[in-house]
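File shown here: upload29.pdb, holding PDB, C-alpha atoms, pLDDT in the B column.
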MODEL        1
ATOM      1  CA  MET A   1     110.893 104.271 108.349  1.00 78.00           C
ATOM      2  CA  ARG A   2     113.129 101.809 106.562  1.00 86.00           C
ATOM      3  CA  THR A   3     116.885 101.230 106.755  1.00 88.00           C
ATOM      4  CA  LEU A   4     119.338 100.279 104.024  1.00 88.00           C
ATOM      5  CA  VAL A   5     121.655  97.394 104.996  1.00 87.00           C
ATOM      6  CA  LEU A   6     125.147  97.222 103.453  1.00 87.00           C
ATOM      7  CA  ASN A   7     127.690  94.413 103.613  1.00 85.00           C
ATOM      8  CA  ALA A   8     131.314  95.009 104.646  1.00 83.00           C
ATOM      9  CA  GLY A   9     132.113  96.041 101.052  1.00 81.00           C
ATOM     10  CA  TYR A  10     129.362  98.707 101.208  1.00 82.00           C
ATOM     11  CA  GLU A  11     127.191  96.833  98.704  1.00 81.00           C
ATOM     12  CA  PRO A  12     123.423  97.026  99.330  1.00 82.00           C
ATOM     13  CA  LEU A  13     121.983  93.793 100.697  1.00 81.00           C
ATOM     14  CA  ALA A  14     118.467  94.599 101.817  1.00 80.00           C
ATOM     15  CA  ILE A  15     116.057  97.130 103.172  1.00 82.00           C
ATOM     16  CA  VAL A  16     114.768  96.371 106.649  1.00 87.00           C
ATOM     17  CA  SER A  17     112.610  98.094 109.236  1.00 88.00           C
ATOM     18  CA  PHE A  18     114.376 100.528 111.534  1.00 87.00           C
ATOM     19  CA  LYS A  19     113.499  98.177 114.423  1.00 90.00           C
ATOM     20  CA  ARG A  20     115.426  95.293 112.827  1.00 92.00           C
ATOM     21  CA  ALA A  21     118.310  97.670 112.087  1.00 91.00           C
ATOM     22  CA  LEU A  22     118.370  98.934 115.670  1.00 90.00           C
ATOM     23  CA  VAL A  23     118.491  95.361 116.997  1.00 91.00           C
ATOM     24  CA  LEU A  24     121.449  94.591 114.703  1.00 91.00           C
ATOM     25  CA  VAL A  25     123.268  97.715 115.949  1.00 90.00           C
ATOM     26  CA  MET A  26     122.516  97.026 119.631  1.00 89.00           C
ATOM     27  CA  ASN A  27     123.814  93.451 119.263  1.00 91.00           C
ATOM     28  CA  ASP A  28     127.058  94.752 117.685  1.00 91.00           C
ATOM     29  CA  LYS A  29     126.276  93.063 114.373  1.00 91.00           C
ATOM     30  CA  ALA A  30     126.148  96.379 112.492  1.00 92.00           C
ATOM     31  CA  ASN A  31     127.339  99.978 112.680  1.00 93.00           C
ATOM     32  CA  VAL A  32     125.260 103.023 111.866  1.00 92.00           C
ATOM     33  CA  ILE A  33     126.589 104.954 108.855  1.00 92.00           C
ATOM     34  CA  VAL A  34     123.757 107.471 108.388  1.00 91.00           C
ATOM     35  CA  ARG A  35     121.345 108.550 111.137  1.00 89.00           C
ATOM     36  CA  ASP A  36     117.952 110.172 110.996  1.00 86.00           C
ATOM     37  CA  GLU A  37     118.597 112.941 113.526  1.00 82.00           C
ATOM     38  CA  GLU A  38     115.037 114.284 113.358  1.00 84.00           C
ATOM     39  CA  SER A  39     113.311 111.099 114.552  1.00 83.00           C
ATOM     40  CA  PRO A  40     115.041 109.504 117.540  1.00 82.00           C
ATOM     41  CA  VAL A  41     113.824 106.199 118.946  1.00 84.00           C
ATOM     42  CA  TRP A  42     112.772 106.553 122.576  1.00 86.00           C
ATOM     43  CA  GLY A  43     113.601 103.634 124.849  1.00 81.00           C
ATOM     44  CA  ALA A  44     112.761 103.088 128.519  1.00 84.00           C
ATOM     45  CA  SER A  45     115.896 104.816 129.772  1.00 86.00           C
ATOM     46  CA  GLU A  46     117.354 106.730 126.817  1.00 85.00           C
ATOM     47  CA  ALA A  47     116.898 107.859 123.223  1.00 83.00           C
ATOM     48  CA  TYR A  48     118.656 106.164 120.324  1.00 83.00           C
ATOM     49  CA  ASP A  49     119.481 107.525 116.897  1.00 83.00           C
ATOM     50  CA  ARG A  50     117.210 106.072 114.231  1.00 88.00           C
ATOM     51  CA  PRO A  51     119.467 104.333 111.651  1.00 91.00           C
ATOM     52  CA  ALA A  52     118.968 105.206 107.969  1.00 90.00           C
ATOM     53  CA  VAL A  53     121.972 103.224 106.639  1.00 92.00           C
ATOM     54  CA  ILE A  54     123.867 100.486 108.474  1.00 92.00           C
ATOM     55  CA  VAL A  55     126.860  98.342 107.540  1.00 93.00           C
ATOM     56  CA  LEU A  56     127.179  94.789 108.827  1.00 91.00           C
ATOM     57  CA  THR A  57     130.265  94.026 110.916  1.00 90.00           C
ATOM     58  CA  ARG A  58     129.896  90.285 110.386  1.00 79.00           C
ATOM     59  CA  TYR A  59     127.724  87.951 108.396  1.00 72.00           C
ATOM     60  CA  VAL A  60     124.060  88.093 109.325  1.00 61.00           C
ATOM     61  CA  ARG A  61     121.531  86.064 107.369  1.00 62.00           C
ATOM     62  CA  ILE A  62     119.009  88.435 105.866  1.00 56.00           C
ATOM     63  CA  PRO A  63     116.121  86.584 104.288  1.00 58.00           C
ATOM     64  CA  HIS A  64     115.798  87.519 100.637  1.00 56.00           C
ATOM     65  CA  THR A  65     116.060  85.931  97.262  1.00 57.00           C
ATOM     66  CA  ARG A  66     118.224  86.983  94.338  1.00 62.00           C
ATOM     67  CA  ARG A  67     115.512  85.923  91.885  1.00 70.00           C
ATOM     68  CA  VAL A  68     113.215  88.757  90.966  1.00 77.00           C
ATOM     69  CA  PRO A  69     109.587  87.580  90.985  1.00 83.00           C
ATOM     70  CA  VAL A  70     107.620  88.156  87.777  1.00 91.00           C
ATOM     71  CA  THR A  71     104.810  90.654  88.297  1.00 90.00           C
ATOM     72  CA  ARG A  72     102.692  92.831  86.037  1.00 94.00           C
ATOM     73  CA  ARG A  73     104.115  95.934  87.693  1.00 90.00           C
ATOM     74  CA  GLY A  74     107.660  94.593  87.293  1.00 89.00           C
ATOM     75  CA  VAL A  75     107.217  93.905  83.563  1.00 94.00           C
ATOM     76  CA  LEU A  76     105.836  97.402  82.982  1.00 94.00           C
ATOM     77  CA  ARG A  77     108.697  98.916  84.993  1.00 89.00           C
ATOM     78  CA  ARG A  78     111.349  96.838  83.183  1.00 92.00           C
ATOM     79  CA  ASP A  79     109.990  97.959  79.788  1.00 95.00           C
ATOM     80  CA  GLY A  80     109.677 101.607  80.820  1.00 94.00           C
ATOM     81  CA  HIS A  81     105.874 101.551  80.350  1.00 96.00           C
ATOM     82  CA  ARG A  82     106.449 101.398  76.554  1.00 97.00           C
ATOM     83  CA  CYS A  83     104.812  98.941  74.177  1.00 97.00           C
ATOM     84  CA  ALA A  84     107.254  96.270  72.960  1.00 97.00           C
ATOM     85  CA  TYR A  85     105.571  96.296  69.541  1.00 96.00           C
ATOM     86  CA  CYS A  86     104.901  99.953  68.654  1.00 96.00           C
ATOM     87  CA  GLY A  87     106.660 102.000  71.361  1.00 95.00           C
ATOM     88  CA  ARG A  88     103.581 103.856  72.609  1.00 96.00           C
ATOM     89  CA  SER A  89     102.591 104.106  76.258  1.00 97.00           C
ATOM     90  CA  ALA A  90     101.798 100.658  77.659  1.00 97.00           C
ATOM     91  CA  THR A  91      99.275  99.814  80.345  1.00 96.00           C
ATOM     92  CA  THR A  92      98.924  96.052  79.859  1.00 96.00           C
ATOM     93  CA  ILE A  93     101.240  93.069  79.534  1.00 96.00           C
ATOM     94  CA  ASP A  94     101.299  90.513  76.737  1.00 97.00           C
ATOM     95  CA  HIS A  95     102.555  86.951  76.419  1.00 96.00           C
ATOM     96  CA  VAL A  96     104.868  86.801  73.376  1.00 96.00           C
ATOM     97  CA  GLN A  97     104.115  83.073  73.088  1.00 96.00           C
ATOM     98  CA  PRO A  98     100.404  82.963  74.043  1.00 96.00           C
ATOM     99  CA  ARG A  99      99.438  80.962  77.108  1.00 94.00           C
ATOM    100  CA  SER A 100      96.948  79.037  74.959  1.00 93.00           C
ATOM    101  CA  ARG A 101      99.993  77.672  73.094  1.00 93.00           C
ATOM    102  CA  GLY A 102     102.100  76.834  76.112  1.00 94.00           C
ATOM    103  CA  GLY A 103     103.580  80.258  76.839  1.00 94.00           C
ATOM    104  CA  GLU A 104     104.736  80.731  80.417  1.00 94.00           C
ATOM    105  CA  ASP A 105     104.581  83.610  82.862  1.00 95.00           C
ATOM    106  CA  SER A 106     108.301  84.387  82.686  1.00 95.00           C
ATOM    107  CA  TRP A 107     110.500  87.438  82.171  1.00 95.00           C
ATOM    108  CA  GLU A 108     111.456  86.068  78.731  1.00 96.00           C
ATOM    109  CA  ASN A 109     107.834  85.645  77.582  1.00 96.00           C
ATOM    110  CA  LEU A 110     106.119  88.746  79.014  1.00 97.00           C
ATOM    111  CA  VAL A 111     106.343  92.250  77.569  1.00 97.00           C
ATOM    112  CA  ALA A 112     104.560  95.545  78.126  1.00 97.00           C
ATOM    113  CA  ALA A 113     101.965  96.327  75.458  1.00 97.00           C
ATOM    114  CA  CYS A 114      99.519  99.068  74.644  1.00 96.00           C
ATOM    115  CA  VAL A 115      95.850  98.093  74.689  1.00 96.00           C
ATOM    116  CA  LYS A 116      95.543  98.375  70.893  1.00 96.00           C
ATOM    117  CA  CYS A 117      98.494  96.076  70.103  1.00 96.00           C
ATOM    118  CA  ASN A 118      97.447  93.619  72.803  1.00 95.00           C
ATOM    119  CA  ASN A 119      93.914  93.364  71.379  1.00 96.00           C
ATOM    120  CA  VAL A 120      95.039  93.133  67.737  1.00 96.00           C
ATOM    121  CA  LYS A 121      97.639  90.459  68.504  1.00 94.00           C
ATOM    122  CA  SER A 122      95.136  88.417  70.524  1.00 91.00           C
ATOM    123  CA  ASP A 123      96.425  84.828  70.907  1.00 92.00           C
ATOM    124  CA  ARG A 124      98.832  84.855  67.976  1.00 94.00           C
ATOM    125  CA  THR A 125     102.608  85.090  67.956  1.00 94.00           C
ATOM    126  CA  PRO A 126     104.431  88.190  66.701  1.00 95.00           C
ATOM    127  CA  GLN A 127     105.757  86.143  63.744  1.00 95.00           C
ATOM    128  CA  GLU A 128     102.224  85.253  62.677  1.00 94.00           C
ATOM    129  CA  MET A 129     101.333  88.953  62.803  1.00 94.00           C
ATOM    130  CA  GLY A 130     104.466  89.988  60.895  1.00 95.00           C
ATOM    131  CA  TRP A 131     105.561  92.003  63.944  1.00 95.00           C
ATOM    132  CA  SER A 132     108.907  92.142  65.677  1.00 94.00           C
ATOM    133  CA  LEU A 133     109.775  92.996  69.234  1.00 95.00           C
ATOM    134  CA  ARG A 134     111.663  96.249  69.845  1.00 95.00           C
ATOM    135  CA  PHE A 135     113.946  94.381  72.292  1.00 94.00           C
ATOM    136  CA  ARG A 136     114.557  90.869  73.553  1.00 95.00           C
ATOM    137  CA  PRO A 137     112.761  90.350  76.888  1.00 95.00           C
ATOM    138  CA  ALA A 138     115.052  89.243  79.716  1.00 93.00           C
ATOM    139  CA  PRO A 139     115.036  89.173  83.514  1.00 90.00           C
ATOM    140  CA  PRO A 140     115.887  92.575  84.985  1.00 87.00           C
ATOM    141  CA  ARG A 141     119.321  93.194  86.486  1.00 77.00           C
ATOM    142  CA  GLY A 142     120.757  95.699  88.883  1.00 68.00           C
ATOM    143  CA  VAL A 143     120.655  96.629  92.522  1.00 61.00           C
ATOM    144  CA  SER A 144     117.257  98.282  92.257  1.00 63.00           C
ATOM    145  CA  TRP A 145     115.764  94.917  91.299  1.00 63.00           C
ATOM    146  CA  VAL A 146     117.643  92.743  93.783  1.00 57.00           C
ATOM    147  CA  VAL A 147     117.204  95.037  96.786  1.00 57.00           C
ATOM    148  CA  ARG A 148     113.435  95.141  97.037  1.00 57.00           C
ATOM    149  CA  GLY A 149     112.057  98.543  97.875  1.00 57.00           C
ATOM    150  CA  SER A 150     115.009 100.549  96.554  1.00 55.00           C
ATOM    151  CA  GLU A 151     112.846 102.108  93.842  1.00 58.00           C
ATOM    152  CA  ARG A 152     111.335 104.189  96.673  1.00 61.00           C
ATOM    153  CA  ALA A 153     114.720 105.004  98.156  1.00 64.00           C
ATOM    154  CA  ASP A 154     115.397 107.445 100.927  1.00 72.00           C
ATOM    155  CA  PRO A 155     117.592 110.331  99.660  1.00 72.00           C
ATOM    156  CA  SER A 156     120.307 109.420 102.189  1.00 77.00           C
ATOM    157  CA  TRP A 157     120.721 106.033 100.449  1.00 73.00           C
ATOM    158  CA  SER A 158     121.592 107.407  97.010  1.00 73.00           C
ATOM    159  CA  PRO A 159     125.425 107.441  97.418  1.00 76.00           C
ATOM    160  CA  TYR A 160     125.381 103.763  98.415  1.00 72.00           C
ATOM    161  CA  LEU A 161     122.917 102.662  95.731  1.00 71.00           C
ATOM    162  CA  GLU A 162     124.834 104.599  93.031  1.00 68.00           C
ATOM    163  CA  MET A 163     128.109 102.981  94.136  1.00 63.00           C
ATOM    164  CA  ALA A 164     126.593  99.530  93.593  1.00 55.00           C
ATOM    165  CA  ALA A 165     125.039 100.336  90.217  1.00 51.00           C
TER     166      ALA A 165
ENDMDL
END

Write-out of the structure in structure tokens:
Amino acid sequence: MRTLVLNAGYEPLAIVSFKRALVLVMNDKANVIVRDEESPVWGASEAYDRPAVIVLTRYVRIPHTRRVPVTRRGVLRRDGHRCAYCGRSATTIDHVQPRSRGGEDSWENLVAACVKCNNVKSDRTPQEMGWSLRFRPAPPRGVSWVVRGSERADPSWSPYLEMAA
């Protein structure tokens, strides 16, 4: 079970384990906003409510980075699993500027591509092929990218994630 952590302005900061959330609550660093009533946490002397959403009462350093790492899965998700060249269903990724010509693994140089377009393009640029991209590749934005794990959000988190979007 995971817990959504909000700052004092109710903006999502991170998703942590319920154990980390419970420690923050017990140390008066956070307050529980939403509880999971069906799954209490049993301690040595009493039962505690399992937190689903907590809000920090003061600054607590939560280790995370605001840069979204470039991954194959991330590129496909950013592009909606659609080929950047023809618009069909994409299952592979392609370097716009081929790696053999100095192209990097970056959000600006990677796009989702269908197998056919990826094979036809090979190690050429879209300009050499006479093709154009359907969009300009860029790093993804939004709370679902910054707060890792929010794509598999608990239903109780939706009001807080929608507020931030």

Quiz item: Mind pulling up the distance from atom CA of Gly74 of chain A to atom CA of Asn119 of chain A?
Solution: 21.1 Å

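Take atom CA of Ser106 of chain A and atom CA of Val75 of chain A: the distance between them is 9.6 Å.
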
Exercise. Quick one: everything within 10 Å of Ile33 of chain A, counting all atoms listed in the file, minus sequence neighbours fewer than 2 positions away in the same chain. Send it as a list in words.
Key: Leu4, Val5, Leu6, Ala30, Asn31, Arg35, Pro51, Ala52, Val53, Ile54 and Val55 of chain A

Practice problem: Select, from A:His95, A:Arg78, A:Arg67, A:Arg134, the residue with the minimum atom-to-atom distance to Ser122 of chain A, counting all atoms listed in the file. | Solution: A:His95

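For the pair atom CA of Arg88 of chain A and atom CA of Thr71 of chain A, the separation is 20.5 Å.
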
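On the file presented, the PyMOL selection byres ((chain A and resi 59) around 12) picks out Val5, Leu6, Asn7, Ala8, Gly9, Leu13, Leu24, Asp28, Lys29, Ala30, Val55, Leu56, Thr57, Arg58, Val60, Arg61 and Ile62 of chain A.
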
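With all atoms listed in the file as the atoms that count, the minimum distance from Pro155 of chain A to the choices A:Arg20, A:Arg2, A:Arg77, A:Lys116 is reached by A:Arg2.
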
Practice problem: Check which residues satisfy the PyMOL selection byres ((chain A and resi 1) around 10) in the file shown, then give them as a ChimeraX atom specification. | Solution: /A:2-3,16-19,36,39,50-52,154

Taking C-alpha atoms for each residue, export the selection above as a CSV table (one decimal), keeping the file's coordinate frame.
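For reference, part-v3.csv as written:
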chain,number,residue,atom,x,y,z
A,2,ARG,CA,113.1,101.8,106.6
A,3,THR,CA,116.9,101.2,106.8
A,16,VAL,CA,114.8,96.4,106.6
A,17,SER,CA,112.6,98.1,109.2
A,18,PHE,CA,114.4,100.5,111.5
A,19,LYS,CA,113.5,98.2,114.4
A,36,ASP,CA,118.0,110.2,111.0
A,39,SER,CA,113.3,111.1,114.6
A,50,ARG,CA,117.2,106.1,114.2
A,51,PRO,CA,119.5,104.3,111.7
A,52,ALA,CA,119.0,105.2,108.0
A,154,ASP,CA,115.4,107.4,100.9

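Selecting by distance to (115.6, 89.7, 86.5) with a limit of 8 Å and using all atoms listed in the file, one obtains Arg67, Val68, Pro69, Trp107, Ala138, Pro139, Pro140, Arg141 and Trp145 of chain A.
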